[in-house]
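See below for coords_4.tsv, which holds TSV, C-alpha atoms.
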chain	number	residue	atom	x	y	z
A	1	MET	CA	-24.54	-29.64	81.06
A	2	VAL	CA	-21.77	-27.47	82.50
A	3	GLN	CA	-19.39	-30.36	81.84
A	4	TYR	CA	-20.49	-30.55	78.18
A	5	ALA	CA	-20.08	-26.79	77.74
A	6	ARG	CA	-16.57	-26.99	79.19
A	7	LEU	CA	-15.53	-29.75	76.80
A	8	ASP	CA	-17.07	-27.75	73.91
A	9	ALA	CA	-15.08	-24.65	74.88
A	10	ALA	CA	-11.79	-26.48	75.45
A	11	PHE	CA	-11.89	-28.46	72.17
A	12	ALA	CA	-12.89	-25.26	70.29
A	13	ALA	CA	-9.94	-23.46	71.92
A	14	LEU	CA	-7.61	-26.26	70.76
A	15	SER	CA	-8.89	-26.14	67.17
A	16	ASP	CA	-6.46	-23.38	66.21
A	17	ARG	CA	-2.70	-23.92	65.81
A	18	THR	CA	-1.85	-20.46	67.19
A	19	ARG	CA	-3.84	-21.13	70.36
A	20	ARG	CA	-2.18	-24.55	70.79
A	21	GLY	CA	1.17	-22.76	70.33
A	22	ILE	CA	0.25	-20.19	73.02
A	23	LEU	CA	-0.48	-23.01	75.49
A	24	GLU	CA	2.87	-24.68	74.69
A	25	ARG	CA	4.63	-21.32	75.12
A	26	LEU	CA	2.92	-20.59	78.47
A	27	GLY	CA	3.76	-24.12	79.59
A	28	ARG	CA	7.41	-23.03	79.48
A	29	GLY	CA	6.75	-19.79	81.38
A	30	ASP	CA	4.43	-16.78	81.72
A	31	ALA	CA	4.32	-14.14	78.98
A	32	SER	CA	2.62	-10.82	78.24
A	33	ILE	CA	0.12	-10.36	75.39
A	34	SER	CA	2.75	-8.24	73.68
A	35	ASP	CA	5.43	-11.01	74.00
A	36	LEU	CA	2.98	-13.45	72.44
A	37	ALA	CA	1.95	-11.01	69.68
A	38	THR	CA	5.61	-10.47	68.74
A	39	ARG	CA	6.30	-14.20	68.69
A	40	TYR	CA	3.35	-14.91	66.40
A	41	ARG	CA	3.81	-11.70	64.32
A	42	MET	CA	0.27	-10.68	65.15
A	43	THR	CA	-1.43	-7.44	66.23
A	44	LEU	CA	-2.18	-6.98	69.93
A	45	THR	CA	-5.90	-7.06	69.07
A	46	GLY	CA	-5.53	-10.36	67.22
A	47	MET	CA	-3.55	-11.92	70.06
A	48	ASN	CA	-6.04	-10.59	72.62
A	49	LYS	CA	-8.84	-12.43	70.81
A	50	HIS	CA	-6.95	-15.74	70.91
A	51	VAL	CA	-6.11	-15.29	74.60
A	52	ARG	CA	-9.76	-14.50	75.40
A	53	VAL	CA	-10.88	-17.77	73.80
A	54	LEU	CA	-8.31	-19.68	75.90
A	55	GLU	CA	-9.35	-17.71	79.01
A	56	ARG	CA	-13.06	-18.49	78.55
A	57	ALA	CA	-12.13	-22.19	78.31
A	58	GLY	CA	-10.22	-21.89	81.62
A	59	LEU	CA	-6.94	-22.81	79.90
A	60	VAL	CA	-5.27	-19.43	80.42
A	61	ALA	CA	-5.54	-16.83	83.19
A	62	THR	CA	-4.54	-13.18	82.73
A	63	VAL	CA	-3.81	-10.31	85.10
A	64	LYS	CA	-3.28	-6.68	84.13
A	65	VAL	CA	-0.40	-4.87	85.84
A	66	GLY	CA	-0.29	-1.24	84.77
A	67	ARG	CA	-0.63	-1.30	80.97
A	68	VAL	CA	0.67	-4.83	80.54
A	69	ARG	CA	-1.55	-7.93	80.50
A	70	HIS	CA	0.33	-10.99	81.78
A	71	CYS	CA	-0.76	-14.48	80.76
A	72	ARG	CA	-0.19	-17.76	82.52
A	73	LEU	CA	-1.78	-21.19	82.29
A	74	GLY	CA	-5.26	-21.34	83.82
A	75	PRO	CA	-6.78	-23.84	86.26
A	76	ARG	CA	-7.90	-26.35	83.61
A	77	ARG	CA	-5.28	-28.81	82.38
A	78	LEU	CA	-7.12	-30.70	79.59
A	79	SER	CA	-7.70	-33.70	81.86
A	80	ASP	CA	-11.38	-34.05	80.90
A	81	GLU	CA	-10.52	-33.75	77.21
A	82	SER	CA	-7.82	-36.39	77.58
A	83	ALA	CA	-10.29	-38.61	79.49
A	84	TRP	CA	-12.92	-38.25	76.76
A	85	ILE	CA	-10.49	-39.38	74.05
A	86	ALA	CA	-9.20	-42.24	76.25
A	87	GLN	CA	-12.78	-43.45	76.85
A	88	TYR	CA	-13.41	-43.31	73.10
A	89	HIS	CA	-10.28	-45.38	72.40
A	90	GLN	CA	-11.37	-47.87	75.08
A	91	MET	CA	-14.74	-48.26	73.36
A	92	LEU	CA	-13.05	-48.82	69.99
A	93	GLU	CA	-10.84	-51.53	71.50
A	94	GLU	CA	-13.82	-53.30	73.03
A	95	ARG	CA	-15.48	-53.18	69.63
A	96	LEU	CA	-12.43	-54.76	67.97
A	97	ASP	CA	-12.35	-57.44	70.69
A	98	ARG	CA	-16.00	-58.29	69.98
A	99	LEU	CA	-15.20	-58.46	66.25
A	100	ASP	CA	-12.25	-60.78	66.95
A	101	ALA	CA	-14.45	-63.01	69.12
A	102	PHE	CA	-17.09	-63.10	66.37
A	103	LEU	CA	-14.51	-64.05	63.73
A	104	GLU	CA	-13.13	-66.78	66.01
A	105	ARG	CA	-16.63	-68.23	66.47
A	106	THR	CA	-17.29	-68.09	62.71
A	107	LYS	CA	-14.00	-69.90	62.05
A	108	GLY	CA	-15.06	-72.55	64.58
A	109	ASP	CA	-18.39	-73.03	62.78
A	110	GLN	CA	-16.64	-73.52	59.43
A	111	ALA	CA	-14.08	-76.02	60.78
B	1	MET	CA	1.10	-27.82	57.69
B	2	VAL	CA	-1.19	-30.67	56.71
B	3	GLN	CA	-0.69	-32.09	60.19
B	4	TYR	CA	-1.72	-28.75	61.78
B	5	ALA	CA	-4.80	-28.53	59.57
B	6	ARG	CA	-5.79	-32.06	60.58
B	7	LEU	CA	-5.51	-31.27	64.30
B	8	ASP	CA	-7.49	-28.05	63.72
B	9	ALA	CA	-10.27	-29.96	61.96
B	10	ALA	CA	-10.41	-32.80	64.49
B	11	PHE	CA	-10.50	-30.55	67.57
B	12	ALA	CA	-13.13	-28.35	65.88
B	13	ALA	CA	-15.19	-31.48	65.14
B	14	LEU	CA	-14.95	-32.49	68.82
B	15	SER	CA	-16.06	-29.06	70.06
B	16	ASP	CA	-19.76	-29.96	69.79
B	17	ARG	CA	-21.49	-32.37	72.16
B	18	THR	CA	-23.75	-33.75	69.40
B	19	ARG	CA	-20.75	-34.60	67.23
B	20	ARG	CA	-18.98	-36.27	70.17
B	21	GLY	CA	-22.20	-38.23	70.74
B	22	ILE	CA	-22.29	-39.32	67.08
B	23	LEU	CA	-18.73	-40.69	67.38
B	24	GLU	CA	-19.69	-42.61	70.55
B	25	ARG	CA	-22.78	-43.96	68.79
B	26	LEU	CA	-20.83	-45.05	65.69
B	27	GLY	CA	-18.22	-46.64	67.95
B	28	ARG	CA	-20.96	-49.09	68.97
B	29	GLY	CA	-22.02	-49.77	65.37
B	30	ASP	CA	-22.79	-48.18	62.01
B	31	ALA	CA	-25.93	-46.04	61.57
B	32	SER	CA	-27.75	-44.13	58.85
B	33	ILE	CA	-28.11	-40.34	58.87
B	34	SER	CA	-31.81	-40.88	59.55
B	35	ASP	CA	-31.07	-43.17	62.58
B	36	LEU	CA	-28.79	-40.47	63.98
B	37	ALA	CA	-31.28	-37.66	63.25
B	38	THR	CA	-34.02	-39.58	65.11
B	39	ARG	CA	-31.74	-40.25	68.07
B	40	TYR	CA	-30.78	-36.58	68.41
B	41	ARG	CA	-34.28	-35.28	67.47
B	42	MET	CA	-32.78	-33.29	64.65
B	43	THR	CA	-33.72	-32.64	61.02
B	44	LEU	CA	-31.90	-34.67	58.36
B	45	THR	CA	-30.34	-31.43	57.10
B	46	GLY	CA	-29.05	-30.58	60.59
B	47	MET	CA	-27.62	-34.07	61.07
B	48	ASN	CA	-26.07	-34.01	57.60
B	49	LYS	CA	-24.14	-30.86	58.54
B	50	HIS	CA	-22.71	-32.46	61.68
B	51	VAL	CA	-21.74	-35.62	59.79
B	52	ARG	CA	-20.02	-33.54	57.07
B	53	VAL	CA	-17.86	-31.81	59.71
B	54	LEU	CA	-16.85	-35.21	61.11
B	55	GLU	CA	-16.25	-36.54	57.60
B	56	ARG	CA	-13.99	-33.62	56.62
B	57	ALA	CA	-11.94	-34.32	59.78
B	58	GLY	CA	-11.60	-37.99	58.69
B	59	LEU	CA	-13.44	-39.18	61.80
B	60	VAL	CA	-16.49	-40.53	59.95
B	61	ALA	CA	-16.90	-42.14	56.53
B	62	THR	CA	-20.23	-42.32	54.71
B	63	VAL	CA	-21.56	-44.33	51.78
B	64	LYS	CA	-24.87	-43.83	50.01
B	65	VAL	CA	-26.84	-46.96	49.20
B	66	GLY	CA	-30.01	-46.11	47.27
B	67	ARG	CA	-31.57	-43.22	49.18
B	68	VAL	CA	-29.93	-44.02	52.50
B	69	ARG	CA	-26.58	-42.59	53.62
B	70	HIS	CA	-24.79	-45.00	55.97
B	71	CYS	CA	-22.20	-43.70	58.46
B	72	ARG	CA	-19.32	-45.53	60.07
B	73	LEU	CA	-16.15	-44.43	61.84
B	74	GLY	CA	-13.51	-43.03	59.47
B	75	PRO	CA	-9.80	-43.80	59.19
B	76	ARG	CA	-8.67	-41.28	61.85
B	77	ARG	CA	-8.87	-42.43	65.46
B	78	LEU	CA	-7.89	-39.28	67.43
B	79	SER	CA	-4.39	-40.63	68.04
B	80	ASP	CA	-2.67	-37.36	67.06
B	81	GLU	CA	-5.06	-35.36	69.23
B	82	SER	CA	-4.43	-37.69	72.16
B	83	ALA	CA	-0.67	-37.40	71.54
B	84	TRP	CA	-0.82	-33.60	71.50
B	85	ILE	CA	-2.57	-33.50	74.90
B	86	ALA	CA	-0.18	-36.12	76.33
B	87	GLN	CA	2.83	-34.07	75.16
B	88	TYR	CA	1.30	-30.97	76.76
B	89	HIS	CA	0.82	-32.84	80.07
B	90	GLN	CA	4.42	-34.07	79.86
B	91	MET	CA	5.65	-30.50	79.47
B	92	LEU	CA	3.57	-29.37	82.47
B	93	GLU	CA	5.06	-32.16	84.60
B	94	GLU	CA	8.58	-31.22	83.61
B	95	ARG	CA	7.78	-27.64	84.57
B	96	LEU	CA	6.52	-28.75	88.00
B	97	ASP	CA	9.68	-30.86	88.44
B	98	ARG	CA	11.86	-27.82	87.70
B	99	LEU	CA	9.81	-25.77	90.20
B	100	ASP	CA	10.26	-28.50	92.85
B	101	ALA	CA	14.01	-28.59	92.20
B	102	PHE	CA	14.15	-24.80	92.49
B	103	LEU	CA	12.25	-24.82	95.81
B	104	GLU	CA	14.56	-27.55	97.13
B	105	ARG	CA	17.61	-25.47	96.24
B	106	THR	CA	16.08	-22.36	97.85
B	107	LYS	CA	15.35	-24.36	101.03
B	108	GLY	CA	18.99	-25.54	101.02
B	109	ASP	CA	20.21	-21.93	100.76
B	110	GLN	CA	18.08	-20.89	103.74
B	111	ALA	CA	19.18	-23.79	105.98
Structure translated into C-alpha cells:
Amino acid sequence: MVQYARLDAAFAALSDRTRRGILERLGRGDASISDLATRYRMTLTGMNKHVRVLERAGLVATVKVGRVRHCRLGPRRLSDESAWIAQYHQMLEERLDRLDAFLERTKGDQA
Amino acid sequence: MVQYARLDAAFAALSDRTRRGILERLGRGDASISDLATRYRMTLTGMNKHVRVLERAGLVATVKVGRVRHCRLGPRRLSDESAWIAQYHQMLEERLDRLDAFLERTKGDQA
C-alpha cells in the first residue's frame, strides 16, 4: 500500500507543468524558493506550495539556512513511475502480439 | 501549450491506483463500466467518474451500446509521459557525469 501511495503522490506531483519545470531546473543545480519564485513569476507562498507537493512525493528535499529555504532534488528519481509505464507498454505489446497471432490463424483458416 | 495540458491530464489520471488498475485491466481486454465497478467494488457513479478522467486524458475511449457503456484503451499510450521521465533521467545522468569529471579534476589538483 505504501508503494501505491508513493506512485499516487509522484504522478500527482508531475501533473502540473510548473512542478515539472521545477524538477528540470533543480536537475541542473540547487536553487532557493525565492530563485524559483522569480523564475516562474510567482509569489513565495505559491512557490512554497508547489515545492511542498514535490517534497511530500520525495522528489525534492529542502533545508532552511537562516531565512532562505534551499531546494535540491530528493531521494526519489521517478524509477517506479518509469517502471509502471514500461510494464504497461509491455502489456500492450503482448496484446498486439496475441492479436497478430489471432489474425495469422484466421488467415490460415480462410486459405 | 496543448502538449503541456496533455501531460498534466495524463499524469493526473495516473495519480490514482484505481485508475492505473483500470488501464491495466483494459490492456487485457475491453470491459463495461459495470464490469469495472464490480471488480473494484464501486458504485457505477464512482466508476463513471474515474473513467471520465481517463477519457479526458485520451487514455480510455467509451461507446454506449443500448444501456451499456463499453470501455477500451484510447488513442494515447503514455509515450509522451514516458519520454518526459526518460529525458529527466538523461539530465540527471549528465549531471552525475559532470560531478564525476569535477571530482576527477579535483583529485588531479591534489596529487
### Query
Got a sec: who's within 12 Å of stretch 49-61 of chain B, counting all atoms listed in the file, leaving out chain neighbours fewer than 2 positions off, as an MDAnalysis selection string?
(chainID A and resid 15) or (chainID B and resid 2:27 30:34 36:37 40 42:47 63:64 69:79 81)
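Picture a line from atom CA of B:Arg41 to atom CA of B:Val68; it runs 17.9 Å.
Coordinates place atom CA of A:Arg39 at a distance of 24.9 Å from atom CA of B:Asp80.
Atom CA of B:Met91 is found 25.8 Å from atom CA of B:Gly108.
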I'd like the superposed chain B, fitted onto chain A by least squares over all Cα atoms in order, as a PDB file with C-alpha atoms, keeping the file's coordinate frame.
ATOM      1  CA  MET B   1     -24.545 -29.632  81.031  1.00  0.00           C
ATOM      2  CA  VAL B   2     -21.786 -27.478  82.474  1.00  0.00           C
ATOM      3  CA  GLN B   3     -19.395 -30.351  81.835  1.00  0.00           C
ATOM      4  CA  TYR B   4     -20.487 -30.538  78.158  1.00  0.00           C
ATOM      5  CA  ALA B   5     -20.082 -26.786  77.740  1.00  0.00           C
ATOM      6  CA  ARG B   6     -16.578 -26.990  79.202  1.00  0.00           C
ATOM      7  CA  LEU B   7     -15.532 -29.746  76.784  1.00  0.00           C
ATOM      8  CA  ASP B   8     -17.067 -27.746  73.909  1.00  0.00           C
ATOM      9  CA  ALA B   9     -15.090 -24.644  74.881  1.00  0.00           C
ATOM     10  CA  ALA B  10     -11.803 -26.477  75.445  1.00  0.00           C
ATOM     11  CA  PHE B  11     -11.906 -28.439  72.174  1.00  0.00           C
ATOM     12  CA  ALA B  12     -12.900 -25.257  70.303  1.00  0.00           C
ATOM     13  CA  ALA B  13      -9.948 -23.452  71.920  1.00  0.00           C
ATOM     14  CA  LEU B  14      -7.619 -26.255  70.765  1.00  0.00           C
ATOM     15  CA  SER B  15      -8.899 -26.135  67.175  1.00  0.00           C
ATOM     16  CA  ASP B  16      -6.459 -23.363  66.207  1.00  0.00           C
ATOM     17  CA  ARG B  17      -2.726 -23.927  65.807  1.00  0.00           C
ATOM     18  CA  THR B  18      -1.868 -20.466  67.190  1.00  0.00           C
ATOM     19  CA  ARG B  19      -3.848 -21.133  70.363  1.00  0.00           C
ATOM     20  CA  ARG B  20      -2.194 -24.546  70.787  1.00  0.00           C
ATOM     21  CA  GLY B  21       1.146 -22.764  70.336  1.00  0.00           C
ATOM     22  CA  ILE B  22       0.243 -20.202  73.022  1.00  0.00           C
ATOM     23  CA  LEU B  23      -0.493 -23.026  75.497  1.00  0.00           C
ATOM     24  CA  GLU B  24       2.868 -24.670  74.686  1.00  0.00           C
ATOM     25  CA  ARG B  25       4.608 -21.316  75.121  1.00  0.00           C
ATOM     26  CA  LEU B  26       2.907 -20.598  78.466  1.00  0.00           C
ATOM     27  CA  GLY B  27       3.746 -24.130  79.595  1.00  0.00           C
ATOM     28  CA  ARG B  28       7.397 -23.032  79.472  1.00  0.00           C
ATOM     29  CA  GLY B  29       6.736 -19.798  81.381  1.00  0.00           C
ATOM     30  CA  ASP B  30       4.421 -16.807  81.710  1.00  0.00           C
ATOM     31  CA  ALA B  31       4.324 -14.140  78.969  1.00  0.00           C
ATOM     32  CA  SER B  32       2.629 -10.832  78.235  1.00  0.00           C
ATOM     33  CA  ILE B  33       0.128 -10.372  75.402  1.00  0.00           C
ATOM     34  CA  SER B  34       2.759  -8.243  73.672  1.00  0.00           C
ATOM     35  CA  ASP B  35       5.432 -11.022  73.997  1.00  0.00           C
ATOM     36  CA  LEU B  36       2.983 -13.470  72.429  1.00  0.00           C
ATOM     37  CA  ALA B  37       1.935 -11.025  69.682  1.00  0.00           C
ATOM     38  CA  THR B  38       5.605 -10.485  68.736  1.00  0.00           C
ATOM     39  CA  ARG B  39       6.291 -14.218  68.690  1.00  0.00           C
ATOM     40  CA  TYR B  40       3.338 -14.929  66.391  1.00  0.00           C
ATOM     41  CA  ARG B  41       3.791 -11.704  64.337  1.00  0.00           C
ATOM     42  CA  MET B  42       0.265 -10.685  65.165  1.00  0.00           C
ATOM     43  CA  THR B  43      -1.420  -7.439  66.216  1.00  0.00           C
ATOM     44  CA  LEU B  44      -2.177  -6.990  69.922  1.00  0.00           C
ATOM     45  CA  THR B  45      -5.889  -7.034  69.066  1.00  0.00           C
ATOM     46  CA  GLY B  46      -5.520 -10.346  67.205  1.00  0.00           C
ATOM     47  CA  MET B  47      -3.554 -11.900  70.063  1.00  0.00           C
ATOM     48  CA  ASN B  48      -6.039 -10.573  72.615  1.00  0.00           C
ATOM     49  CA  LYS B  49      -8.843 -12.425  70.814  1.00  0.00           C
ATOM     50  CA  HIS B  50      -6.968 -15.732  70.922  1.00  0.00           C
ATOM     51  CA  VAL B  51      -6.114 -15.281  74.605  1.00  0.00           C
ATOM     52  CA  ARG B  52      -9.773 -14.484  75.420  1.00  0.00           C
ATOM     53  CA  VAL B  53     -10.884 -17.770  73.809  1.00  0.00           C
ATOM     54  CA  LEU B  54      -8.329 -19.664  75.913  1.00  0.00           C
ATOM     55  CA  GLU B  55      -9.349 -17.712  79.011  1.00  0.00           C
ATOM     56  CA  ARG B  56     -13.066 -18.468  78.558  1.00  0.00           C
ATOM     57  CA  ALA B  57     -12.145 -22.179  78.317  1.00  0.00           C
ATOM     58  CA  GLY B  58     -10.223 -21.870  81.631  1.00  0.00           C
ATOM     59  CA  LEU B  59      -6.952 -22.803  79.927  1.00  0.00           C
ATOM     60  CA  VAL B  60      -5.276 -19.414  80.429  1.00  0.00           C
ATOM     61  CA  ALA B  61      -5.529 -16.822  83.199  1.00  0.00           C
ATOM     62  CA  THR B  62      -4.525 -13.187  82.733  1.00  0.00           C
ATOM     63  CA  VAL B  63      -3.783 -10.305  85.087  1.00  0.00           C
ATOM     64  CA  LYS B  64      -3.251  -6.681  84.128  1.00  0.00           C
ATOM     65  CA  VAL B  65      -0.379  -4.891  85.826  1.00  0.00           C
ATOM     66  CA  GLY B  66      -0.245  -1.234  84.774  1.00  0.00           C
ATOM     67  CA  ARG B  67      -0.590  -1.293  80.991  1.00  0.00           C
ATOM     68  CA  VAL B  68       0.692  -4.830  80.541  1.00  0.00           C
ATOM     69  CA  ARG B  69      -1.542  -7.918  80.516  1.00  0.00           C
ATOM     70  CA  HIS B  70       0.350 -10.975  81.785  1.00  0.00           C
ATOM     71  CA  CYS B  71      -0.750 -14.487  80.758  1.00  0.00           C
ATOM     72  CA  ARG B  72      -0.187 -17.769  82.531  1.00  0.00           C
ATOM     73  CA  LEU B  73      -1.785 -21.202  82.304  1.00  0.00           C
ATOM     74  CA  GLY B  74      -5.273 -21.344  83.840  1.00  0.00           C
ATOM     75  CA  PRO B  75      -6.788 -23.835  86.277  1.00  0.00           C
ATOM     76  CA  ARG B  76      -7.916 -26.356  83.617  1.00  0.00           C
ATOM     77  CA  ARG B  77      -5.291 -28.805  82.389  1.00  0.00           C
ATOM     78  CA  LEU B  78      -7.115 -30.701  79.589  1.00  0.00           C
ATOM     79  CA  SER B  79      -7.688 -33.698  81.855  1.00  0.00           C
ATOM     80  CA  ASP B  80     -11.373 -34.049  80.902  1.00  0.00           C
ATOM     81  CA  GLU B  81     -10.530 -33.751  77.212  1.00  0.00           C
ATOM     82  CA  SER B  82      -7.818 -36.383  77.566  1.00  0.00           C
ATOM     83  CA  ALA B  83     -10.274 -38.610  79.467  1.00  0.00           C
ATOM     84  CA  TRP B  84     -12.920 -38.257  76.758  1.00  0.00           C
ATOM     85  CA  ILE B  85     -10.477 -39.384  74.038  1.00  0.00           C
ATOM     86  CA  ALA B  86      -9.182 -42.237  76.230  1.00  0.00           C
ATOM     87  CA  GLN B  87     -12.759 -43.445  76.841  1.00  0.00           C
ATOM     88  CA  TYR B  88     -13.416 -43.296  73.092  1.00  0.00           C
ATOM     89  CA  HIS B  89     -10.274 -45.378  72.397  1.00  0.00           C
ATOM     90  CA  GLN B  90     -11.371 -47.865  75.067  1.00  0.00           C
ATOM     91  CA  MET B  91     -14.737 -48.264  73.357  1.00  0.00           C
ATOM     92  CA  LEU B  92     -13.044 -48.816  69.975  1.00  0.00           C
ATOM     93  CA  GLU B  93     -10.829 -51.528  71.486  1.00  0.00           C
ATOM     94  CA  GLU B  94     -13.797 -53.288  73.018  1.00  0.00           C
ATOM     95  CA  ARG B  95     -15.477 -53.185  69.620  1.00  0.00           C
ATOM     96  CA  LEU B  96     -12.414 -54.751  67.962  1.00  0.00           C
ATOM     97  CA  ASP B  97     -12.349 -57.430  70.691  1.00  0.00           C
ATOM     98  CA  ARG B  98     -15.997 -58.291  69.987  1.00  0.00           C
ATOM     99  CA  LEU B  99     -15.210 -58.462  66.245  1.00  0.00           C
ATOM    100  CA  ASP B 100     -12.252 -60.793  66.945  1.00  0.00           C
ATOM    101  CA  ALA B 101     -14.446 -63.014  69.123  1.00  0.00           C
ATOM    102  CA  PHE B 102     -17.080 -63.099  66.381  1.00  0.00           C
ATOM    103  CA  LEU B 103     -14.512 -64.070  63.717  1.00  0.00           C
ATOM    104  CA  GLU B 104     -13.148 -66.795  66.007  1.00  0.00           C
ATOM    105  CA  ARG B 105     -16.636 -68.226  66.466  1.00  0.00           C
ATOM    106  CA  THR B 106     -17.295 -68.084  62.704  1.00  0.00           C
ATOM    107  CA  LYS B 107     -13.992 -69.904  62.053  1.00  0.00           C
ATOM    108  CA  GLY B 108     -15.051 -72.557  64.599  1.00  0.00           C
ATOM    109  CA  ASP B 109     -18.378 -73.037  62.786  1.00  0.00           C
ATOM    110  CA  GLN B 110     -16.605 -73.545  59.455  1.00  0.00           C
ATOM    111  CA  ALA B 111     -14.057 -76.062  60.800  1.00  0.00           C
TER     112      ALA B 111
END
### Query
Which of these, A:Asn48, A:Gln90, A:Asp35, A:Gly66, has the shortest distance to chain B once you count all atoms listed in the file?
A:Gln90
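Compared by their closest atoms to chain A, and using all atoms listed in the file, the residues B:Leu103, B:Arg28, B:Thr62, B:Arg98 rank with B:Arg28 nearest.
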So for stretch 92-96 of chain A, what box centre and size do we get, axis-aligned, 6 Å extra on each of the six sides, every listed atom, Å to one decimal, as JSON?
{"center_x": -13.2, "center_y": -51.8, "center_z": 70.5, "size_x": 16.6, "size_y": 17.9, "size_z": 17.1}
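Take the candidates B:Val65, B:Thr38, B:Ala86, B:Phe102 and check each one against chain A using all atoms listed in the file; the shortest distance goes to B:Ala86.
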